[in-house]
Structures are given as C-alpha cells and as structure tokens.
Amino acid sequence: MLLSTRLTHVIEDREALPLLCLRGAAPLPGATLPVDLARPASIGAVRRANAYNRDDPRHNRLVVTVQRDPLTDRPGLDDLHSVAVVGVLEEILHGLPGRMTVLLRCGPRVTIRNEQRVGAYSMVTHTPVIEVNDDTAMAFALANALQELIKRYDALLPVKAKTELRERRRQELERIRNPGRVADFAASHVDIDETTRIELLMMPDVEARLRRVISSISHAAQTLQVQRDIDKAVREHLSQHEHEAVLRHKMRAIKAELDDDDDGGSELEHLTQRLAAKDLDDEMLGLVKKELARLARMNPQSGEANVARTWLECVADLPWGKDARSPERVDIEDARARLESGHHGLTKVKRRIIEHLCVRKLAPNRRGPILCFAGPPGVGKTSLAKSIAQTLGREFSRISLGGVRDDAEIRGHRRTYVGAQPGRFISALRRVKVANPVILLDEIDKLSEPGVRGDPAAALLEALDPEQNDAFEDHYLGAPFDLSQVMFICTANDVSRIPGPLLDRLELIELGGYTVEEKIEIARNHLLPHELASHGLTHKGGTELVIGDELLETLATTYTRESGVRNLRRAIEGLLRHVAVTLAEEGKTGTSPARIEADAAMLVDALGPAPYTAEEMGDAPRIGVVTGLGWTPTGGRLLFIEANRTHGEGKLRMTGRLGDVMRESAQAAASYLRANPGVAGLESFSLDNHDLHIHLPAGAVPKDGPSAGVGLVTAVASLLSRRPVRNDLAMTGEITLRGQVMPVGGIREKVLAAHRAGIREIILPALNKKDELEIPEAARKDLQLRYVSRIEEVLGIALLDPEPRASAA
C-alpha cells in the first residue's frame with residue numbers, strides 16, 4: 001500500500017515529466033538534436049508532453065536520458081544512465097504511421113528520482129544536478145583554452161565542412177561565459193564518440209568536464225592535421241595514373257607519417273610466422289603456401305584478399321599435430337570422488353564412466369566409443385560430461401544441435417560463398433585451441449529432418465565414427481583434419497528420434513529418473529546449499545533459512561512431478577525469493593543474524609496451492625476406470641483409461657488423441673473379450689444397441705504404443721461386468737489376441753512415475769522381471785510388483801467384487 005501511494009504521488013506531482021529514452025545520441029545541455037521515434041513508449045511520452053496547456057510549465061518538456069544497452073526495447077530505471085537532461089520539444093514532425101521525428105533542445109542536467117509507467121510511457125520526477133568547480137579561476141582558464149581550440153579545429157576542417165551554420169555556432173560559443181556551458185556546447189559542436197558524450201553527461205565537475213572535452217577535441221584536431229599533411233604529400237606526387245595508384249600513394253604517405261617504411265606488410269609476415277610454427281600435414285601445407293603467395297600479390301584492401309586472410313587465420317588458430325594436445329591425467333580415485341560429490345545416485349552410469357577412464361589409462365591411444373547419455377531433462381547429463389572433462393584435465397566445449405537443419409553447420413561452407421565459415425566442430429577446436437578436448441553434442445535427438453539444405457545427421461556420421469574421423473573434411477578448410485583425439489559425448493531425451501546409422505555409432509548410457517528419496521538427498525546436499533548462498537540466506541548473509549526434509553518432500557511430491565530435479569530447483573528458488581522479499585519489506589536485511597524455519601504455510605504463500613495431489617488417482621474404486629503407465633521422453637507418467645457405454649449401433653469409439661498402435665491395442669482388447677467373455681465373468685460379449693467408448697484424458701497430449709493393452713482390457717471388462725477397478729493399482733503390458741501379456745519398455749521410468757504418484761502395487765509382464773534390477777531399491781521397498789503372463793491374472797488382481805452402487809465413469 002505504501003508503494004502504491006508513493007507512485008500515485010509521482011503522477012500528481014507538478015514536477016513530474018514524461019520520460020524519453022534514447023538508444024544513442026547522448027543529450028548534452030545546450031545541444032539541439034533531431035530524433036527519430038518509433039517505439040510506442042517514446043511516441044507516447046512526446047504526445048503527453050505536447051498535450052499540456054501552453055501556459056503550463058510542463059508544456060513540451062520531457063526528461064531525456066540514454067539507455068545503457070541500445071538493444072533493450074522496454075528499459076527500466078536500472079537500464080538507464082543515472083544522469084539525464086530536461087529537453088524541450090522545438091518541433092514535431094509526423095511521418096509514417098507509428099513514427100515521428102522531433103527536434104529537441106536539451107536543457108540542464110537532472111537525476112531521475114521515481115518512475116511510474118502510465119500506459120506505454122513513464123512519468124518521472126527529477127532533481128537538478130549541482131555542478132561543482134564551475135566558477136573557479138581554473139575553470140575560466142580552461143574554458144578560454146577550449147574556445148581557442150575550437151577555432152583551430154574549425155580552421156583545419158575541409159572546405160566542404162565549413163558551413164554557415166557551423167560558423168554561427170562557433171560565434172555563439174565565443175559569447176558564452178559560463179565554463180560549464182562552454183564544455184557542453186563545444187562537445188556538441190565537434191564530432192565526439194558516444195562513449196565520451198555519455199562520460200561528459202555524467203560529469204558534475206566542470207573542471208574535469210572541460211579537461212575531457214579539451215582532450216577529445218585536441219585528438220580530433222591532431223587527426224585533421226595528420227590527414228591534411230597526408231593529402232598534401234599525396235597531391236605533390238599525383239599524376240594521371242589510375243585510381244589504384246592514387247590509393248597506393250596515400251598508403252605510402254600514411255606509413256611515412258607513422259615512420260613505418262615496411263612495404264612488405266607486417267600483418268602478412270606475422271601470419272606467415274604463425275603458420276610456419278604449425279605442424280601441418282603435406283596437403284594442408286601445400287594449400288597454405290599457395291594461399292600465402294596469392295595474398296602477397298593481392299591488393300590488401302580487396303574483398304578477395306580479406307577472404308584469403310580470414311582462411312589463413314582460421315588455419316593458424318587450429319591445433320595441428322601431436323604437440324597441440326593438452327596433457328591428460330587419468331586419476332581414477334579423483335574421478336570417482338568428483339562423480340560422487342557432484343552427482344547423487346546414478347550408480348550404473350558412474351560405473352560405466354569409471355570403466356571408460358580405466359581403459360583410457362591402460363591404453364591411452366585406443367579409440368574409445370562415443371558415449372551418449374540418454375534420459376529425461378534435469379537428471380544431470382550435461383554436468384556429467386563436464387565432470388569427465390574436469391577429471392581428464394581437458395578443455396570442454398558444448399555444441400547445441402537442437403534445431404540444426406543445414407549440414408553446412410556441421411561440415412562448414414565452401415569458401416566460394418559470401419560469409420563462409422567453418423563447421424561447428426572446427427569452430428569449437430579453434431575456440432579451445434587444443435586437439436583433444438571433450439566436446440558435448442547436446443540434444444542430438446533434436447536435429448531437424450532431412451530437407452533441401454541436406455541432412456545434418458548424415459553429416460555427423462563421419463565425425464562420430466572412430467574409424468573415419470582421423471580424416472574429417474570440413475568444406476571450409478578444404479583438407480582433412482584429425483578429430484580422432486577429440487572425446488565426443490552426446491546427450492538425448494528420446495533415443496527413438498536418433499537416425500539408425502547415427503545411433504549405431506553411439507554407446508547408450510541411460511539415465512533414469514530419481515526417486516523421491518534421491519530428490520530429497522539432491523535438494524539437501526546440492527541444490528539447497530547453492531541456492532541459499534546465491535540468495536544470501538545463509539548465516540554468512542545475516543539471515544539463515546532452514547528448510548527441513550519434510551518440506552523438501554512436499555516440494556518433490558506435490559509441487560513437482562518430474563523425472564529430474566530442474567523444476568524442484570525452480571520451486572526452491574521461488575520459496576527463497578519469497579523469503580527475501582518478506583525480509584526486505586520488514587527491513588530485516590543487513591541486521592543481526594537471524595534463523596528462519598520454513599513451514600508449510602510459507603510454502604503456500606510462496607508457491608500457491610500444490611498442483612499435484614494423491615486425488616489424481618481417484619478416491620475410490622470405479623467401474624471402467626484403470627490407472628495405466630506410459631513413457632515419454634521426459635520420463636514416465638500415469639495414463640488413465642476410461643471406458644463407457646452409450647446408445648448406438650455396437651461400434652467401438654476411441655478418443656484422447658490416440659496413435660495407430662494404441663487404437664489397434666483397443667481393438668485387440670475388444671476382440672479378446674468378445675472371444676473370451678468368461679474371463680470377465682460374462683456369459684457373452686454383447687453391446688446390444690450400445691457403442692463402446694474408450695477415452696484417455698489429457699486429450700491435447702498425443703498417446704501411442706502397445707503398453708496400454710492390459711489396461712484397455714481391464715477397463716472394458718470392468719465396464720461390462722460392473723466390477724470396480726482398484727484405484728491403488730497401476731498396470732502396463734501389451735496383450736495378444738490369445739490373452740498373453742507381452743513385455744514392454746520403459747519399466748524403470750514407469751515404476752518411478754507410479755511411485756511418485758503414491759501407487760503401491762503395480763502389474764508388470766512376467767518377461768519384464770529382468771528389468772527389476774534397474775528400479776532403485778527405495779522404490780522397490782515401497783512397491784509391490786505383481787508379474788503376470790496372462791490377462792486372466794490381471795483381471796483377478798485388478799477387479800473387485802460387483803458393487804451395485806459403483807458408478808461408471
């Protein structure tokens with residue numbers, strides 16, 4: 001309420017003016033600037049200033065300031081420089097719709113106090129900037145010196161630059177007696193770079209401002225003098241030669257002025273020396289010599305010379321030969337310690353990484369496999385790759401492949417194209433400057449499909465094949481480059497989207513989701529200490545926030561429902577931000593150390609009501625409703641299956657955005673029950689004058705696969721036999737027309753999804769019993785896994801005795 005009152009006061013303040021933010025062209029007092037406006041905030045501010053009555057002192061007046069970053073489209077106070085000026089609108093010109101041009105006369109410096117947005121623009125109050133050292137003897141002496149310097153500067157200008165307007169402004173400058181105004185007016189009279197203008201705007205010290213302007217104009221005057229001397233020397237040697245000869249005369253005159261008589265070009269010599277120090281192979285050495293010879297014969301200013309020079313610099317930046325490798329260390333104990341300290345769980349993954357490192361230690365020159373970490377988002381794939389690089393003491397580079405649709409991004413562009421550049425592999429090696437880095441190919445499953453620009457996945461085949469990548473040919477280089485010393489690591493969410501030939505070159509290491517217990521451990525030992533420190537809520541920051549395991553469990557089970565811990569981190573951040581705001585509003589920041597214990601009420605205040613509850617499974621057994629299990633690239637999830645009868649012609653209808661495979665599973669379920677009604681306790685399977693409707697909620701989400709087969713049979717059997725289905729039970733498995741339950745994939749992710757949702761009993765195919773070892777022990781202890789091989793066993797476990805009062809879905 002206090003904040004609202006204060007901001008309302010700003011709007012009603014007679015001193016409040018509209019705010020005009022400029023992307024460049026720093027306004028200096030005394031200057032007159034033409035400004036083109038296109039942003040709604042700028043146009044709104046001008047219209048607001050022009051709307052005041054003419055007798056109102058605010059008429060046509062604005063506070064004009066400069067953005068720190070010209071690319072910011074809606075700047076706040078933190079995005080603006082602290083000093084502004086009061087500007088007066090001299091003229092407003094309306095152009096195309098949504099654009100206008102204004103002529104601004106800049107007034108005195110001010111600082112902005114408060115801001116409030118009013119529609120598209122902002123109103124601000126301001127305080128005048130008090131200038132210091134504005135009436136000292138030194139200030140007047142510097143002002144006189146500056147006025148004399150301006151005369152000398154104008155005299156050095158070319159004739160075409162000496163306009164009548166410039167002469168009138170110089171005369172106006174001579175009549176100014178205030179030292180501060182002299183500095184500002186002179187700075188706007190001379191072409192000074194924007195950085196210097198902003199520095200001058202920020203200077204309240206008049207003496208310092210005068211010295212800075214004198215320094216800048218002196219440098220500009222010296223530049224004009226050198227240019228005049230060069231032009232004079234060139235004119236003395238001019239003849240009727242063609243234009244290229246004229247340019248060469250100017251170059252010689254410039255070098256003579258710099259006391260540099262080296263016509264051979266130090267840049268070319270330096271580039272030659274760098275290339276001579278590289279251990280190039282014969283093919284590349286021949287190309288380099290040929291290109292150096294061509295470059296020496298070219299005009300250095302020509303576009304073709306620039307292309308050749310860029311290519312030679314790229315070759316010189318790359319790591320060539322065995323000496324370009326960084327020293328590698330393989331300390332198994334250190335690697336094990338790093339993996340244990342940085343990553344919780346993932347025992348199988350850590351063991352495979354240690355095996356890989358042990359093989360490298362015994363056979364350093366062996367070309368190992370290309371590892372691919374596959375799993376849901378937020379389970380630590382990228383951080384594992386970084387840990388491997390740190391353990392080996394190698395440089396690390398990450399290449400994001402998501403959305404790459406042009407194979408030239410992998411192999412590079414041929415030099416015949418304008419703006420050609422090397423591919424991502426060569427660019428990464430040029431960046432790290434060693435021949436044996438660890439390169440992470442992130443999101444390899446999200447490469448674009450083949451199109452008119454080629455197939456990026458096919459371009460990766462050569463680079464990721466240990467038998468071929470010692471002669472990888474980038475189109476930009478035009479010669480083979482050895483990638484065999486690079487350790488490639490890939491990450492993916494959905495392995496099924498990786499093309500077969502590419503997948504054949506990868507060794508998959510699957511990272512499953514975390515159990516609730518593992519998430520609590522990760523939050524307690526990794527996420528929470530880092531976030532508390534970054535938010536200043538440790539005992540070192542003055543206030544210590546304590547979050548107990550019960551609260552962490554609430555966050556992990558009712559506020560997030562994911563395989564990884566990315567959303568859990570965001571939930572913790574949201575809670576900490578809420579605590580920080582509370583402390584700031586109560587004025588407790590920076591006070592004596594305090595200890596705050598977070599509780600459930602604080603959690604609700606910070607994050608709102610919990611989005612996930614156990615009620616998702618239903619509060620009681622229901623007829624025709626089954627809890628199935630599904631797999632997605634982001635982990636497992638519950639899959640609810642509903643069956644119902646409606647008046648119709650005995651047809652089977654299926655809704656919920658089902659794929660072809662799932663539709664066929666539903667047809668197989670109906671056919672099995674039609675042929676074997678006795679398994680559901682029915683004498684016959686007859687819909688009479690009814691249609692059978694099968695629906696899977698969350699209709700916007702595509703669903704497909706055979707693993708819902710047992711759930712579909714159970715839902716239809718429950719509907720027809722009027723027997724409710726247990727609501728504390730989930731199931732997965734494919735069915736056949738003979739009633740067999742076939743194995744399915746994604747068992748670990750599905751079981752963890754059921755465990756997160758509070759399910760305590762799961763029906764699985766008997767042939768999936770081998771996958772039980774993949775399920776974390778903590779989840780196995782809480783769950784009862786029932787393995788079946790026939791649909792009769794499923795119905796015997798899932799269906800309850802008929803209840804007359806049970807209602808159909």
# chains A, B, ... in the order shown; residues from 1 in each chain; ligands from 1
$ residues_around --residues "A:Leu440" --least-positions-apart "4" --cutoff "8 Å" --atoms "only C-alpha atoms" --output "number ranges by chain"
A: 382, 385, 396-399, 488-491
$ select_by_dssp --residues "stretch 64-204 of chain A" --states "strand (DSSP E)" --output "number ranges by chain"
A: 64-66, 83-94, 100-118, 121-128
$ residues_around --residues "A:Asp184" --least-positions-apart "2" --cutoff "8 Å" --atoms "only C-alpha atoms" --output "list in words"
Leu28, Pro29, Gly30, Ala31, Gly180, Arg181, Val182, Ala186, Ala187, Ser188 and Leu200 of chain A
$ write_last_selection --atoms "C-alpha atoms" --output "mmCIF file, in the first residue's frame"
data_model
loop_
_atom_site.group_PDB
_atom_site.id
_atom_site.type_symbol
_atom_site.label_atom_id
_atom_site.label_comp_id
_atom_site.auth_asym_id
_atom_site.auth_seq_id
_atom_site.Cartn_x
_atom_site.Cartn_y
_atom_site.Cartn_z
ATOM 1 C CA LEU A 28 24.177 17.387 -23.693
ATOM 2 C CA PRO A 29 22.859 20.674 -22.272
ATOM 3 C CA GLY A 30 22.683 23.330 -24.972
ATOM 4 C CA ALA A 31 22.565 20.858 -27.849
ATOM 5 C CA GLY A 180 30.096 24.508 -17.836
ATOM 6 C CA ARG A 181 28.032 25.656 -20.814
ATOM 7 C CA VAL A 182 31.239 26.162 -22.817
ATOM 8 C CA ALA A 186 31.796 22.585 -27.535
ATOM 9 C CA ALA A 187 31.172 18.854 -27.158
ATOM 10 C CA SER A 188 28.027 19.106 -29.270
ATOM 11 C CA LEU A 200 30.588 14.156 -20.217
#
$ residues_around --residues "A:Pro204" --least-positions-apart "3" --cutoff "12 Å" --atoms "only C-alpha atoms" --output "compact mmCIF listing (two decimals) with N, CA and C atoms, in the first residue's frame"
# COMPACT_ATOMS: atom_id res chain seq x y z
N SER A 82 22.30 7.27 -14.98
CA SER A 82 21.73 7.96 -13.82
C SER A 82 21.48 9.45 -14.05
N VAL A 83 22.17 10.05 -15.02
CA VAL A 83 22.03 11.49 -15.27
C VAL A 83 21.28 11.67 -16.58
N ALA A 84 20.32 12.61 -16.58
CA ALA A 84 19.54 12.92 -17.76
C ALA A 84 19.54 14.43 -17.96
N PRO A 108 19.14 21.66 -18.70
CA PRO A 108 20.10 21.33 -17.63
C PRO A 108 20.07 19.85 -17.27
N ARG A 109 21.14 19.42 -16.60
CA ARG A 109 21.25 18.04 -16.12
C ARG A 109 20.34 17.83 -14.92
N VAL A 110 19.77 16.63 -14.85
CA VAL A 110 18.96 16.22 -13.70
C VAL A 110 19.22 14.75 -13.42
N THR A 111 18.84 14.33 -12.23
CA THR A 111 18.85 12.91 -11.90
C THR A 111 17.40 12.46 -11.68
N PRO A 128 17.62 18.51 -9.86
CA PRO A 128 18.72 19.15 -10.61
C PRO A 128 20.08 18.65 -10.12
N VAL A 129 21.02 18.54 -11.05
CA VAL A 129 22.39 18.16 -10.71
C VAL A 129 23.16 19.43 -10.35
N ILE A 130 23.76 19.44 -9.19
CA ILE A 130 24.55 20.60 -8.73
C ILE A 130 25.97 20.48 -9.29
N GLU A 131 26.36 21.45 -10.11
CA GLU A 131 27.70 21.42 -10.67
C GLU A 131 28.69 21.97 -9.67
N VAL A 132 29.90 21.41 -9.70
CA VAL A 132 30.98 21.85 -8.80
C VAL A 132 32.13 22.40 -9.64
N ASN A 133 32.94 23.27 -9.00
CA ASN A 133 34.10 23.89 -9.67
C ASN A 133 33.69 24.61 -10.94
N ASP A 134 32.53 25.31 -10.87
CA ASP A 134 32.04 25.99 -12.08
C ASP A 134 32.41 27.46 -12.11
N GLY A 180 30.79 25.76 -17.63
CA GLY A 180 30.10 24.51 -17.84
C GLY A 180 29.38 24.48 -19.17
N ARG A 181 28.72 25.60 -19.52
CA ARG A 181 28.03 25.66 -20.81
C ARG A 181 29.02 25.61 -21.96
N ALA A 183 31.81 23.89 -22.05
CA ALA A 183 32.19 22.49 -22.24
C ALA A 183 31.09 21.73 -22.97
N ASP A 184 29.82 21.90 -22.56
CA ASP A 184 28.73 21.17 -23.18
C ASP A 184 28.51 21.60 -24.63
N GLU A 199 30.12 10.02 -20.93
CA GLU A 199 31.00 10.38 -19.82
C GLU A 199 30.84 11.85 -19.46
N LEU A 200 30.75 12.72 -20.47
CA LEU A 200 30.59 14.16 -20.22
C LEU A 200 29.25 14.44 -19.56
N LEU A 201 28.20 13.72 -19.99
CA LEU A 201 26.88 13.92 -19.39
C LEU A 201 26.90 13.57 -17.90
N GLU A 207 35.48 21.47 -14.08
CA GLU A 207 36.89 21.43 -14.47
C GLU A 207 37.22 20.10 -15.15
N ALA A 208 36.78 18.98 -14.57
CA ALA A 208 37.05 17.67 -15.17
C ALA A 208 36.38 17.56 -16.54
N ARG A 209 35.17 18.12 -16.66
CA ARG A 209 34.48 18.07 -17.94
C ARG A 209 35.23 18.85 -19.00
N LEU A 210 35.72 20.05 -18.64
CA LEU A 210 36.47 20.85 -19.61
C LEU A 210 37.74 20.12 -20.05
$ atom_distance --atom1 "atom CA of A:Asn644" --atom2 "atom CA of A:Val725"
13.6 Å
$ closest_residue --among "A:Pro70, A:Pro364, A:Pro18, A:Gly98" --to "A:Leu392" --atoms "only C-alpha atoms"
A:Pro364
$ closest_residue --among "A:His356, A:Arg595, A:Arg786, A:His344" --to "A:Leu545" --atoms "only C-alpha atoms"
A:Arg595
$ residues_around --residues "stretch 629-643 of chain A" --least-positions-apart "6" --cutoff "8 Å" --atoms "only C-alpha atoms" --output "PyMOL selection string"
chain A and resi 375-377+493-494+512-513+562-563+692-697+707-708+711-712+715-716+719+730-732+746+749-754+757+809
$ select_by_dssp --residues "stretch 198-369 of chain A" --states "alpha helix (DSSP H)" --output "PyMOL selection string"
chain A and resi 198-201+206-237+243-257+266-276+282-297+303-317+332-342+347-362
$ residues_around --residues "A:Leu447" --least-positions-apart "3" --cutoff "12 Å" --atoms "only C-alpha atoms" --output "VMD selection string"
chain A and resid 400 to 407 409 to 410 441 to 444 450 to 451 454 to 460 491 to 492 494 to 495 497 to 499 502
$ atom_distance --atom1 "atom CA of A:Arg653" --atom2 "atom CA of A:Gly624"
14.7 Å
$ residues_around --residues "A:Gly739" --least-positions-apart "2" --cutoff "7 Å" --atoms "only C-alpha atoms" --output "list of chain:residue names"
A:Tyr672, A:Ile735, A:Thr736, A:Leu737, A:Val741, A:Arg790, A:Ile791
$ atom_distance --atom1 "atom CA of A:Thr554" --atom2 "atom CA of A:Ala620"
23.4 Å
